[in-house]
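Text of my_file.tsv, listed as TSV, C-alpha atoms:
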```
chain	number	residue	atom	x	y	z
X	7	MET	CA	103.29	72.75	87.20
X	8	ALA	CA	105.90	75.35	86.22
X	9	ALA	CA	105.70	78.73	87.89
X	10	GLN	CA	104.35	81.56	85.76
X	11	LYS	CA	107.27	83.57	84.32
X	12	VAL	CA	107.00	87.23	85.25
X	13	PRO	CA	107.81	89.57	82.34
X	14	SER	CA	110.56	92.03	83.18
X	15	ARG	CA	110.14	95.77	82.73
X	16	GLU	CA	112.75	95.65	79.96
X	17	GLU	CA	110.79	92.97	78.09
X	18	ILE	CA	107.59	95.00	78.41
X	19	GLU	CA	109.34	98.16	77.20
X	20	THR	CA	110.67	96.26	74.18
X	21	VAL	CA	107.14	95.28	73.19
X	22	ILE	CA	105.79	98.82	73.69
X	23	ARG	CA	108.68	100.28	71.73
X	24	GLY	CA	107.54	98.24	68.75
X	25	VAL	CA	104.03	99.78	68.77
X	26	ARG	CA	103.90	102.86	66.58
X	27	GLU	CA	101.35	105.62	66.20
X	28	PRO	CA	100.19	105.23	62.58
X	29	THR	CA	100.07	108.93	61.62
X	30	SER	CA	103.53	109.97	62.79
X	31	GLY	CA	105.19	106.56	62.78
X	32	ARG	CA	106.67	107.27	66.20
X	33	SER	CA	106.91	104.63	68.91
X	34	LEU	CA	104.66	104.98	71.95
X	35	LEU	CA	107.81	105.30	74.05
X	36	GLU	CA	108.85	108.29	71.95
X	37	ILE	CA	105.47	109.95	72.40
X	38	GLY	CA	105.01	109.25	76.12
X	39	ARG	CA	106.84	107.89	79.14
X	40	ILE	CA	106.10	104.94	81.37
X	41	GLU	CA	104.71	106.26	84.64
X	42	ALA	CA	103.92	102.88	86.22
X	43	CYS	CA	104.56	99.27	85.25
X	44	GLN	CA	103.19	96.51	87.46
X	45	THR	CA	102.99	92.74	87.02
X	46	VAL	CA	100.62	91.46	89.67
X	47	ALA	CA	98.11	88.60	89.89
X	48	GLY	CA	98.44	87.62	86.24
X	49	ARG	CA	98.00	91.17	84.98
X	50	ILE	CA	100.36	93.61	83.29
X	51	ARG	CA	99.28	97.15	84.19
X	52	LEU	CA	101.06	99.88	82.28
X	53	THR	CA	100.43	103.61	82.66
X	54	LEU	CA	101.80	105.93	79.95
X	55	ALA	CA	101.98	109.67	80.61
X	56	VAL	CA	101.31	111.67	77.43
X	57	GLU	CA	100.52	115.25	76.53
X	58	PRO	CA	96.87	116.04	77.32
X	59	ALA	CA	96.13	117.03	73.72
X	60	LEU	CA	97.29	113.62	72.46
X	61	ALA	CA	95.45	111.35	74.91
X	62	ALA	CA	92.25	110.86	72.88
X	63	HIS	CA	94.20	110.50	69.62
X	64	LEU	CA	96.32	107.68	71.10
X	65	GLU	CA	93.48	105.46	72.34
X	66	LYS	CA	93.78	103.12	69.34
X	67	SER	CA	97.55	102.90	69.81
X	68	ALA	CA	97.03	102.00	73.48
X	69	ALA	CA	94.65	99.22	72.43
X	70	ALA	CA	97.26	98.01	69.94
X	71	ALA	CA	99.84	97.98	72.76
X	72	GLU	CA	97.52	95.83	74.89
X	73	GLN	CA	97.14	93.36	72.03
X	74	ALA	CA	100.92	93.29	71.48
X	75	LEU	CA	101.53	92.55	75.17
X	76	ASP	CA	98.86	89.82	75.17
X	77	ARG	CA	100.58	88.17	72.19
X	78	ALA	CA	104.05	88.48	73.71
X	79	PHE	CA	102.98	87.20	77.13
X	80	PRO	CA	99.95	84.94	76.55
X	81	GLU	CA	99.70	83.88	80.21
X	82	TRP	CA	99.17	87.51	81.27
X	83	ARG	CA	96.34	89.99	80.68
X	84	ALA	CA	97.52	93.47	79.75
X	85	SER	CA	95.97	96.90	80.23
X	86	VAL	CA	97.51	100.14	79.00
X	87	LEU	CA	96.19	103.36	80.50
X	88	LEU	CA	96.98	106.81	79.11
X	89	THR	CA	97.22	109.55	81.70
X	90	ALA	CA	97.99	113.26	81.41
X	91	HIS	CA	97.51	114.43	84.99
X	92	ARG	CA	101.16	114.94	85.89
X	93	PRO	CA	102.31	118.59	85.86
X	94	THR	CA	105.28	119.51	83.68
X	95	ALA	CA	108.50	120.93	85.07
X	96	SER	CA	107.59	124.38	83.77
X	97	SER	CA	104.16	124.25	85.41
X	98	PRO	CA	104.62	124.06	89.19
X	99	GLU	CA	101.97	122.28	91.19
X	100	PRO	CA	99.53	124.72	92.78
X	101	LYS	CA	99.11	124.97	96.50
X	102	ALA	CA	96.06	123.39	98.05
X	103	GLY	CA	93.09	125.56	98.94
X	104	GLY	CA	93.29	126.84	102.50
X	105	GLY	CA	97.04	126.24	102.61
X	106	HIS	CA	96.83	122.45	102.94
X	107	ARG	CA	99.30	120.25	101.11
X	108	PRO	CA	99.21	116.53	100.33
X	109	LEU	CA	100.90	114.31	102.91
X	110	GLY	CA	104.20	113.96	101.07
X	111	GLY	CA	106.39	110.91	100.56
X	112	VAL	CA	104.77	108.73	97.91
X	113	GLY	CA	106.12	110.76	95.04
X	114	ASN	CA	109.62	109.55	95.90
X	115	LYS	CA	108.73	105.89	95.51
X	116	ASP	CA	109.63	103.80	92.50
X	117	ALA	CA	106.56	103.88	90.26
X	118	SER	CA	106.89	100.15	89.63
X	119	GLU	CA	106.88	99.29	93.34
X	120	PRO	CA	103.65	97.43	94.22
X	121	LEU	CA	101.35	99.27	96.60
X	122	LEU	CA	99.58	97.57	99.52
X	123	PRO	CA	101.82	94.48	99.53
X	124	GLN	CA	100.18	93.04	102.69
X	125	VAL	CA	96.61	93.43	101.44
X	126	ARG	CA	95.21	90.24	99.96
X	127	THR	CA	92.35	91.76	97.95
X	128	VAL	CA	91.26	95.30	97.10
X	129	ILE	CA	87.64	96.01	96.20
X	130	ALA	CA	86.35	99.32	94.85
X	131	VAL	CA	82.84	100.50	95.64
X	132	SER	CA	81.98	102.81	92.79
X	133	SER	CA	79.17	104.70	91.09
X	134	GLY	CA	78.91	106.57	87.84
X	135	LYS	CA	77.46	109.59	89.66
X	136	GLY	CA	77.09	111.03	93.14
X	137	GLY	CA	74.03	110.87	95.37
X	138	VAL	CA	73.25	107.18	95.03
X	139	GLY	CA	74.44	106.14	98.50
X	140	LYS	CA	77.83	104.76	97.49
X	141	SER	CA	79.65	105.83	100.66
X	142	THR	CA	76.92	104.48	102.95
X	143	THR	CA	77.06	101.20	101.06
X	144	ALA	CA	80.87	101.08	101.31
X	145	VAL	CA	80.85	101.69	105.07
X	146	ASN	CA	78.19	99.07	105.81
X	147	LEU	CA	79.76	96.58	103.40
X	148	ALA	CA	83.14	96.97	105.12
X	149	ALA	CA	81.59	96.61	108.57
X	150	GLY	CA	79.61	93.61	107.35
X	151	LEU	CA	82.77	91.97	105.96
X	152	ALA	CA	84.39	92.42	109.38
X	153	LEU	CA	81.38	90.71	110.95
X	154	GLU	CA	81.96	87.85	108.49
X	155	GLY	CA	85.35	87.29	110.13
X	156	LEU	CA	87.61	89.07	107.63
X	157	SER	CA	90.30	91.60	108.52
X	158	VAL	CA	89.11	94.74	106.74
X	159	GLY	CA	90.39	98.21	105.86
X	160	LEU	CA	88.30	101.08	104.50
X	161	MET	CA	89.83	103.90	102.46
X	162	ASP	CA	87.92	107.06	101.58
X	163	ALA	CA	89.20	108.09	98.14
X	164	ASP	CA	86.66	110.89	97.67
X	165	VAL	CA	89.15	113.68	98.33
X	166	HIS	CA	86.72	116.50	97.53
X	167	GLY	CA	83.90	115.17	99.70
X	168	PRO	CA	85.31	112.91	102.44
X	169	SER	CA	82.47	111.56	104.57
X	170	LEU	CA	84.06	108.51	106.19
X	171	PRO	CA	85.13	110.16	109.48
X	172	ARG	CA	81.57	111.33	110.23
X	173	MET	CA	80.00	108.02	109.20
X	174	LEU	CA	82.39	106.02	111.40
X	175	GLY	CA	82.31	108.44	114.31
X	176	VAL	CA	86.07	109.01	114.36
X	177	SER	CA	87.81	112.30	115.04
X	178	GLY	CA	91.29	113.66	115.63
X	179	LYS	CA	94.43	113.51	113.53
X	180	PRO	CA	96.01	110.09	112.90
X	181	GLU	CA	99.29	109.19	114.56
X	182	VAL	CA	102.42	109.10	112.41
X	183	ARG	CA	104.79	106.24	113.20
X	184	ASP	CA	108.00	105.47	111.29
X	185	GLY	CA	106.90	107.80	108.51
X	186	LYS	CA	103.52	106.09	108.08
X	187	LEU	CA	100.04	107.22	109.05
X	188	ILE	CA	98.32	104.87	111.47
X	189	PRO	CA	94.72	104.24	110.36
X	190	ALA	CA	91.88	104.85	112.78
X	191	GLU	CA	90.13	101.78	114.18
X	192	ALA	CA	86.36	101.68	114.56
X	193	TRP	CA	83.68	98.99	114.35
X	194	GLY	CA	86.24	96.30	113.60
X	195	LEU	CA	87.77	98.27	110.71
X	196	LYS	CA	90.99	100.08	109.94
X	197	ALA	CA	90.05	103.33	108.21
X	198	MET	CA	91.75	106.31	106.58
X	199	SER	CA	90.40	109.43	104.88
X	200	ILE	CA	91.77	112.82	103.87
X	201	GLY	CA	88.95	114.07	106.11
X	202	MET	CA	90.98	112.90	109.12
X	203	LEU	CA	93.76	115.32	108.18
X	204	VAL	CA	91.80	118.54	107.58
X	205	ASP	CA	88.92	120.37	109.21
X	206	GLU	CA	85.60	118.99	107.96
X	207	THR	CA	84.46	122.48	106.97
X	208	GLN	CA	87.55	123.10	104.82
X	209	ALA	CA	86.91	123.05	101.07
X	210	MET	CA	89.52	120.93	99.26
X	211	VAL	CA	90.22	123.30	96.35
X	212	TRP	CA	92.78	121.05	94.69
X	213	ARG	CA	93.63	120.58	91.04
X	214	GLY	CA	94.06	117.17	89.43
X	215	PRO	CA	97.76	116.58	90.23
X	216	MET	CA	97.22	117.26	93.95
X	217	VAL	CA	94.20	114.95	94.04
X	218	MET	CA	96.26	112.21	92.39
X	219	GLY	CA	99.05	112.75	94.89
X	220	ALA	CA	96.69	112.57	97.87
X	221	ILE	CA	95.10	109.36	96.61
X	222	GLY	CA	98.51	107.79	96.00
X	223	GLN	CA	99.56	108.68	99.52
X	224	LEU	CA	96.43	107.23	101.10
X	225	LEU	CA	97.44	103.99	99.38
X	226	GLY	CA	101.18	104.09	100.02
X	227	ASP	CA	101.81	106.19	103.13
X	228	VAL	CA	99.34	104.43	105.45
X	229	ALA	CA	100.35	101.47	107.63
X	230	TRP	CA	97.46	99.25	106.58
X	231	GLY	CA	99.20	96.08	107.74
X	232	GLU	CA	97.91	92.64	106.80
X	233	LEU	CA	94.32	92.71	105.56
X	234	ASP	CA	92.05	90.19	103.91
X	235	VAL	CA	90.36	93.00	102.04
X	236	LEU	CA	90.66	96.76	101.60
X	237	VAL	CA	87.40	98.43	100.57
X	238	ILE	CA	87.93	101.68	98.64
X	239	ASP	CA	85.09	104.18	98.61
X	240	MET	CA	85.74	105.59	95.14
X	241	PRO	CA	85.06	109.16	94.04
X	242	PRO	CA	81.87	109.41	91.97
X	243	GLY	CA	82.23	109.42	88.20
X	244	THR	CA	84.68	107.91	85.71
X	245	GLY	CA	87.48	110.47	85.49
X	246	ASP	CA	91.23	110.54	85.98
X	247	ALA	CA	91.03	109.82	89.72
X	248	GLN	CA	89.03	106.66	89.13
X	249	LEU	CA	91.35	105.46	86.38
X	250	THR	CA	94.42	106.10	88.54
X	251	LEU	CA	92.93	104.11	91.41
X	252	ALA	CA	92.00	101.26	89.10
X	253	GLN	CA	95.63	101.06	87.97
X	254	LYS	CA	97.68	101.90	91.07
X	255	ALA	CA	95.64	99.98	93.63
X	256	VAL	CA	95.69	96.80	91.49
X	257	LEU	CA	92.01	96.25	92.16
X	258	SER	CA	90.79	92.70	92.64
X	259	GLY	CA	87.25	93.69	91.68
X	260	ALA	CA	84.65	96.44	91.70
X	261	ILE	CA	81.09	96.80	92.95
X	262	ILE	CA	78.81	99.32	91.23
X	263	VAL	CA	76.11	101.06	93.30
X	264	SER	CA	73.06	102.48	91.53
X	265	THR	CA	69.50	103.50	92.25
X	266	PRO	CA	66.65	101.99	90.20
X	267	GLN	CA	65.88	104.96	87.92
X	268	ASP	CA	67.09	105.06	84.35
X	269	ILE	CA	69.29	108.15	84.71
X	270	ALA	CA	71.37	106.49	87.45
X	271	LEU	CA	71.62	103.27	85.46
X	272	LEU	CA	73.06	105.18	82.50
X	273	ASP	CA	75.93	106.30	84.73
X	274	ALA	CA	76.29	102.80	86.18
X	275	ARG	CA	76.91	101.54	82.63
X	276	ARG	CA	79.75	104.02	82.28
X	277	GLY	CA	81.24	102.71	85.51
X	278	VAL	CA	81.11	99.13	84.25
X	279	ALA	CA	82.70	100.20	80.95
X	280	MET	CA	85.52	101.98	82.80
X	281	PHE	CA	86.42	98.89	84.83
X	282	GLU	CA	86.22	96.70	81.73
X	283	LYS	CA	88.66	99.08	80.02
X	284	THR	CA	91.14	98.74	82.89
X	285	LYS	CA	90.67	94.94	83.10
X	286	VAL	CA	89.15	95.08	86.60
X	287	PRO	CA	86.50	92.39	87.19
X	288	VAL	CA	83.05	93.77	88.01
X	289	LEU	CA	81.83	91.72	90.97
X	290	GLY	CA	78.27	92.97	90.54
X	291	LEU	CA	75.65	95.70	90.88
X	292	VAL	CA	73.82	96.81	94.02
X	293	GLU	CA	70.43	98.54	93.85
X	294	ASN	CA	70.34	101.16	96.62
X	295	MET	CA	67.15	103.01	97.66
X	296	SER	CA	65.36	100.08	96.08
X	297	TYR	CA	62.11	100.60	97.99
X	298	PHE	CA	60.69	102.49	100.98
X	299	CYS	CA	58.87	100.85	103.87
X	300	CYS	CA	56.63	103.09	105.97
X	301	PRO	CA	57.83	102.85	109.59
X	302	ASN	CA	54.22	103.06	110.82
X	303	CYS	CA	52.30	100.64	108.58
X	304	ASN	CA	55.14	98.78	106.78
X	305	HIS	CA	53.58	99.63	103.42
X	306	ARG	CA	56.17	99.23	100.67
X	307	THR	CA	56.51	102.04	98.12
X	308	GLU	CA	58.90	101.99	95.18
X	309	LEU	CA	59.72	105.70	95.05
X	310	PHE	CA	62.35	105.49	92.32
X	311	GLY	CA	61.01	102.48	90.48
X	312	HIS	CA	62.26	99.00	91.24
X	313	GLY	CA	64.34	96.28	89.65
X	314	GLY	CA	66.27	98.53	87.28
X	315	ALA	CA	69.68	97.49	88.60
X	316	ARG	CA	68.75	93.80	88.51
X	317	GLU	CA	67.71	94.12	84.87
X	318	GLU	CA	70.82	96.15	84.06
X	319	ALA	CA	73.02	93.49	85.67
X	320	ARG	CA	71.32	90.87	83.50
X	321	ARG	CA	71.84	93.01	80.39
X	322	LEU	CA	75.53	93.58	81.19
X	323	ASP	CA	76.03	89.93	82.21
X	324	VAL	CA	77.35	90.77	85.68
X	325	PRO	CA	76.06	89.47	89.04
X	326	PHE	CA	73.25	91.25	90.86
X	327	LEU	CA	74.31	91.55	94.51
X	328	GLY	CA	71.13	92.71	96.21
X	329	GLU	CA	68.61	95.42	97.08
X	330	ILE	CA	69.07	97.99	99.86
X	331	PRO	CA	65.90	99.73	101.12
X	332	LEU	CA	65.47	103.47	101.59
X	333	LEU	CA	65.03	103.92	105.34
X	334	ALA	CA	65.45	106.86	107.69
X	335	ASP	CA	67.43	104.67	110.11
X	336	ILE	CA	70.22	104.26	107.55
X	337	ARG	CA	70.63	108.03	107.33
X	338	LEU	CA	70.37	108.40	111.11
X	339	SER	CA	73.01	105.77	111.82
X	340	ALA	CA	75.40	107.41	109.36
X	341	ASP	CA	74.88	110.83	110.96
X	342	GLU	CA	75.50	109.32	114.40
X	343	GLY	CA	78.72	107.63	113.29
X	344	ALA	CA	77.69	103.99	113.55
X	345	PRO	CA	77.09	101.66	110.58
X	346	ILE	CA	73.57	100.30	110.78
X	347	VAL	CA	74.85	96.71	110.54
X	348	VAL	CA	76.24	97.17	114.06
X	349	ARG	CA	73.88	99.85	115.38
X	350	ALA	CA	70.67	97.96	114.59
X	351	PRO	CA	71.71	94.44	113.52
X	352	LYS	CA	68.14	93.08	113.43
X	353	SER	CA	66.75	95.87	111.25
X	354	GLU	CA	65.66	95.28	107.66
X	355	ALA	CA	68.46	97.52	106.40
X	356	ALA	CA	71.10	95.66	108.42
X	357	LYS	CA	69.86	92.33	107.09
X	358	ALA	CA	70.15	93.65	103.52
X	359	TYR	CA	73.71	94.86	104.09
X	360	ARG	CA	74.68	91.64	105.89
X	361	SER	CA	73.35	89.62	102.95
X	362	LEU	CA	75.44	91.77	100.59
X	363	ALA	CA	78.53	91.35	102.80
X	364	ALA	CA	78.07	87.58	103.06
X	365	GLY	CA	77.94	87.26	99.28
X	366	VAL	CA	80.98	89.48	98.78
X	367	ALA	CA	82.90	87.65	101.54
X	368	GLY	CA	82.36	84.40	99.68
X	369	VAL	CA	83.79	85.97	96.52
X	370	VAL	CA	86.74	87.51	98.42
X	371	ARG	CA	87.74	84.15	99.86
X	372	LYS	CA	87.96	82.71	96.35
X	373	LEU	CA	89.86	85.59	94.73
X	374	PRO	CA	93.59	85.05	94.13
X	375	HIS	CA	96.05	86.94	96.29
X	376	ARG	CA	97.14	90.18	94.60
X	377	GLN	CA	100.84	89.51	95.19
```

What is this structure when it is put down as structure tokens?
Amino acid sequence: MAAQKVPSREEIETVIRGVREPTSGRSLLEIGRIEACQTVAGRIRLTLAVEPALAAHLEKSAAAAEQALDRAFPEWRASVLLTAHRPTASSPEPKAGGGHRPLGGVGNKDASEPLLPQVRTVIAVSSGKGGVGKSTTAVNLAAGLALEGLSVGLMDADVHGPSLPRMLGVSGKPEVRDGKLIPAEAWGLKAMSIGMLVDETQAMVWRGPMVMGAIGQLLGDVAWGELDVLVIDMPPGTGDAQLTLAQKAVLSGAIIVSTPQDIALLDARRGVAMFEKTKVPVLGLVENMSYFCCPNCNHRTELFGHGGAREEARRLDVPFLGEIPLLADIRLSADEGAPIVVRAPKSEAAKAYRSLAAGVAGVVRKLPHRQ
């Protein structure tokens, strides 16, 4: 069987140059500039930087560009993302709150250079809103994947609220070796978070460009080494940071965490829609805080309702990955810096997380290599 021909950047630019905004008649390459162009794992991922005021107006043109690329390169799936987070030359990037700056270095890289070349698969753990236990799920999923025999990294992409250092029980600044940050190692994982670089009481008062820079550097300036899977604890929501991660990290798939109540499921739908827009496969939904078991009498109470995520997964036609109970021991283990899958492996919560990890590990082993 003939090897799949990889489209060149010049060929991709030629196709995009032929897509014109209907009102002005200008080519997309006249209106914006290519910020990133990647051809990885059968996908063409193109990021166009445009003026913020034009982004919404150009959505239909971006969809037309995707269709044009799909026609030109039928063996590849294309996604075109519009971004406006880069500062202009006349608008200098503000300093970080408290005097902190991003790590430095990634901004000098070629935008088309693939990130994480030694990482086989990258999985995002996401939620449409905060407060649903996404980070706790990401930590225990990563630890569970390590227990399944995979080599695992865990990246905390929630720049404004980094919780990974506390939940893994790691402290101190990471070592820098040959210009790369060396990730911390704990519970069988390699881990990195902006929280390892600043005091945990320091507010990260950063504007969008600095957040984007920090996220890019956590991907590109860390010596992750060879990994079967990198789990990314995504920021909550569906904004620019999430879209940038979906594009730059070349995600292999995404897991959506929700609680059972309707208001959380509304936000979970937005998360699914975002990943569909960026052509990232949704591996499934997890229902966190699914039920509460009294530690004294074992009576089961469904505090937030029950089964909402399972029904939502059915409605969206994505897999349902499991139910995680609401238990005080999960909170306690996180506060003490030990994932419950290793702190109390025979507990009901640990069994739920291990079941989730076993299912995801099976999917990871079948996913194609990103490179």

Which one is closest to Arg276 (chain X): X:Leu289, X:Met295, X:Ser141, X:Ser264? Count all atoms listed in the file.
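Counting all atoms listed in the file, the residue closest to Arg276 (chain X) is X:Ser264.
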
Got a sec: who's within 9 Å of Ile330 (chain X), counting all atoms listed in the file, leaving out chain neighbours fewer than 4 positions off, as a list in words?
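The filter keeps Thr143, Val292, Glu293, Asn294, Met295, Ser296, Tyr297, Glu354, Ala355, Ala358, Tyr359 and Leu362 of chain X.
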
Proximity to Asp273 (chain X) - best of X:Ala190, X:Leu151, X:Ala315, X:Leu224, all atoms listed in the file
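Smallest separation from Asp273 (chain X) among the options: X:Ala315.
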
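Reported to one decimal place, the separation of CA of Ile22 (chain X) from CA of Leu35 (chain X) is 6.8 Å.
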
Distance in Å - CA of Glu65 (chain X) versus CA of Val25 (chain X)
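Computed distance, CA of Glu65 (chain X) to CA of Val25 (chain X), equals 12.5 Å.
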
Using all atoms listed in the file, which of the listed residues (X:Asp341, X:Arg349, X:Gly290, X:Ala163) sits closest to Phe326 (chain X)?
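Checking each of X:Asp341, X:Arg349, X:Gly290, X:Ala163 against Phe326 (chain X), counting all atoms listed in the file, the winner is X:Gly290.
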
Quote the spacing between CA of Ile188 (chain X) and CA of Trp230 (chain X) in Å to one decimal place.
7.5 Å

Residues at most 9 Å from Lys283 (chain X), counting all atoms listed in the file, excluding those fewer than 2 positions away in the same chain, as a ChimeraX atom specification?
/X:85-87,278-281,285-286

Output C-alpha atoms for every residue in that selection, as a tab-separated table (two decimals), keeping the file's coordinate frame.
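Written file, result_22.tsv:
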```tsv
chain	number	residue	atom	x	y	z
X	85	SER	CA	95.97	96.90	80.23
X	86	VAL	CA	97.51	100.14	79.00
X	87	LEU	CA	96.19	103.36	80.50
X	278	VAL	CA	81.11	99.13	84.25
X	279	ALA	CA	82.70	100.20	80.95
X	280	MET	CA	85.52	101.98	82.80
X	281	PHE	CA	86.42	98.89	84.83
X	285	LYS	CA	90.67	94.94	83.10
X	286	VAL	CA	89.15	95.08	86.60
```

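The environment of Ala363 (chain X) within 9 Å, counting only C-alpha atoms and disregarding residues fewer than 3 places along the same chain, consists of Asn146, Leu147, Ala148, Ala149, Gly150, Leu151, Ala152, Leu153, Glu154, Ala358, Tyr359, Arg360, Val366, Ala367 and Gly368 of chain X.
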
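Using all atoms listed in the file, the nearest neighbour of Gly137 (chain X) within the list X:Val237, X:Thr29, X:Val347, X:Pro242 is X:Pro242.
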
Fewer than 2 positions away in the same chain doesn't count, so skip those; otherwise give me all residues within 10 Å of Gly259 (chain X), counting all atoms listed in the file, as a CSV table (one decimal) with C-alpha atoms, in the coordinates of the input.
```csv
chain,number,residue,atom,x,y,z
X,127,THR,CA,92.4,91.8,98.0
X,128,VAL,CA,91.3,95.3,97.1
X,129,ILE,CA,87.6,96.0,96.2
X,130,ALA,CA,86.4,99.3,94.8
X,131,VAL,CA,82.8,100.5,95.6
X,252,ALA,CA,92.0,101.3,89.1
X,256,VAL,CA,95.7,96.8,91.5
X,257,LEU,CA,92.0,96.2,92.2
X,261,ILE,CA,81.1,96.8,93.0
X,281,PHE,CA,86.4,98.9,84.8
X,285,LYS,CA,90.7,94.9,83.1
X,286,VAL,CA,89.2,95.1,86.6
X,287,PRO,CA,86.5,92.4,87.2
X,288,VAL,CA,83.0,93.8,88.0
X,289,LEU,CA,81.8,91.7,91.0
X,290,GLY,CA,78.3,93.0,90.5
X,369,VAL,CA,83.8,86.0,96.5
X,370,VAL,CA,86.7,87.5,98.4
X,373,LEU,CA,89.9,85.6,94.7
```

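Among the candidates X:Ile50, X:Ile40, X:Leu122, X:Val228, the residue lying nearest to Arg183 (chain X) is X:Val228 (atoms considered: all atoms listed in the file).
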
Quick one: everything within 7 Å of region 78-84 of chain X, counting all atoms listed in the file, minus sequence neighbours fewer than 6 positions away in the same chain. Send it as JSON, numbers by chain.
{"X": [48, 49, 50, 51, 72]}

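In this comparison, which uses all atoms listed in the file, the residue of X:Arg172, X:His63, X:Arg126, X:Lys11 approaching Glu27 (chain X) most closely is X:His63.
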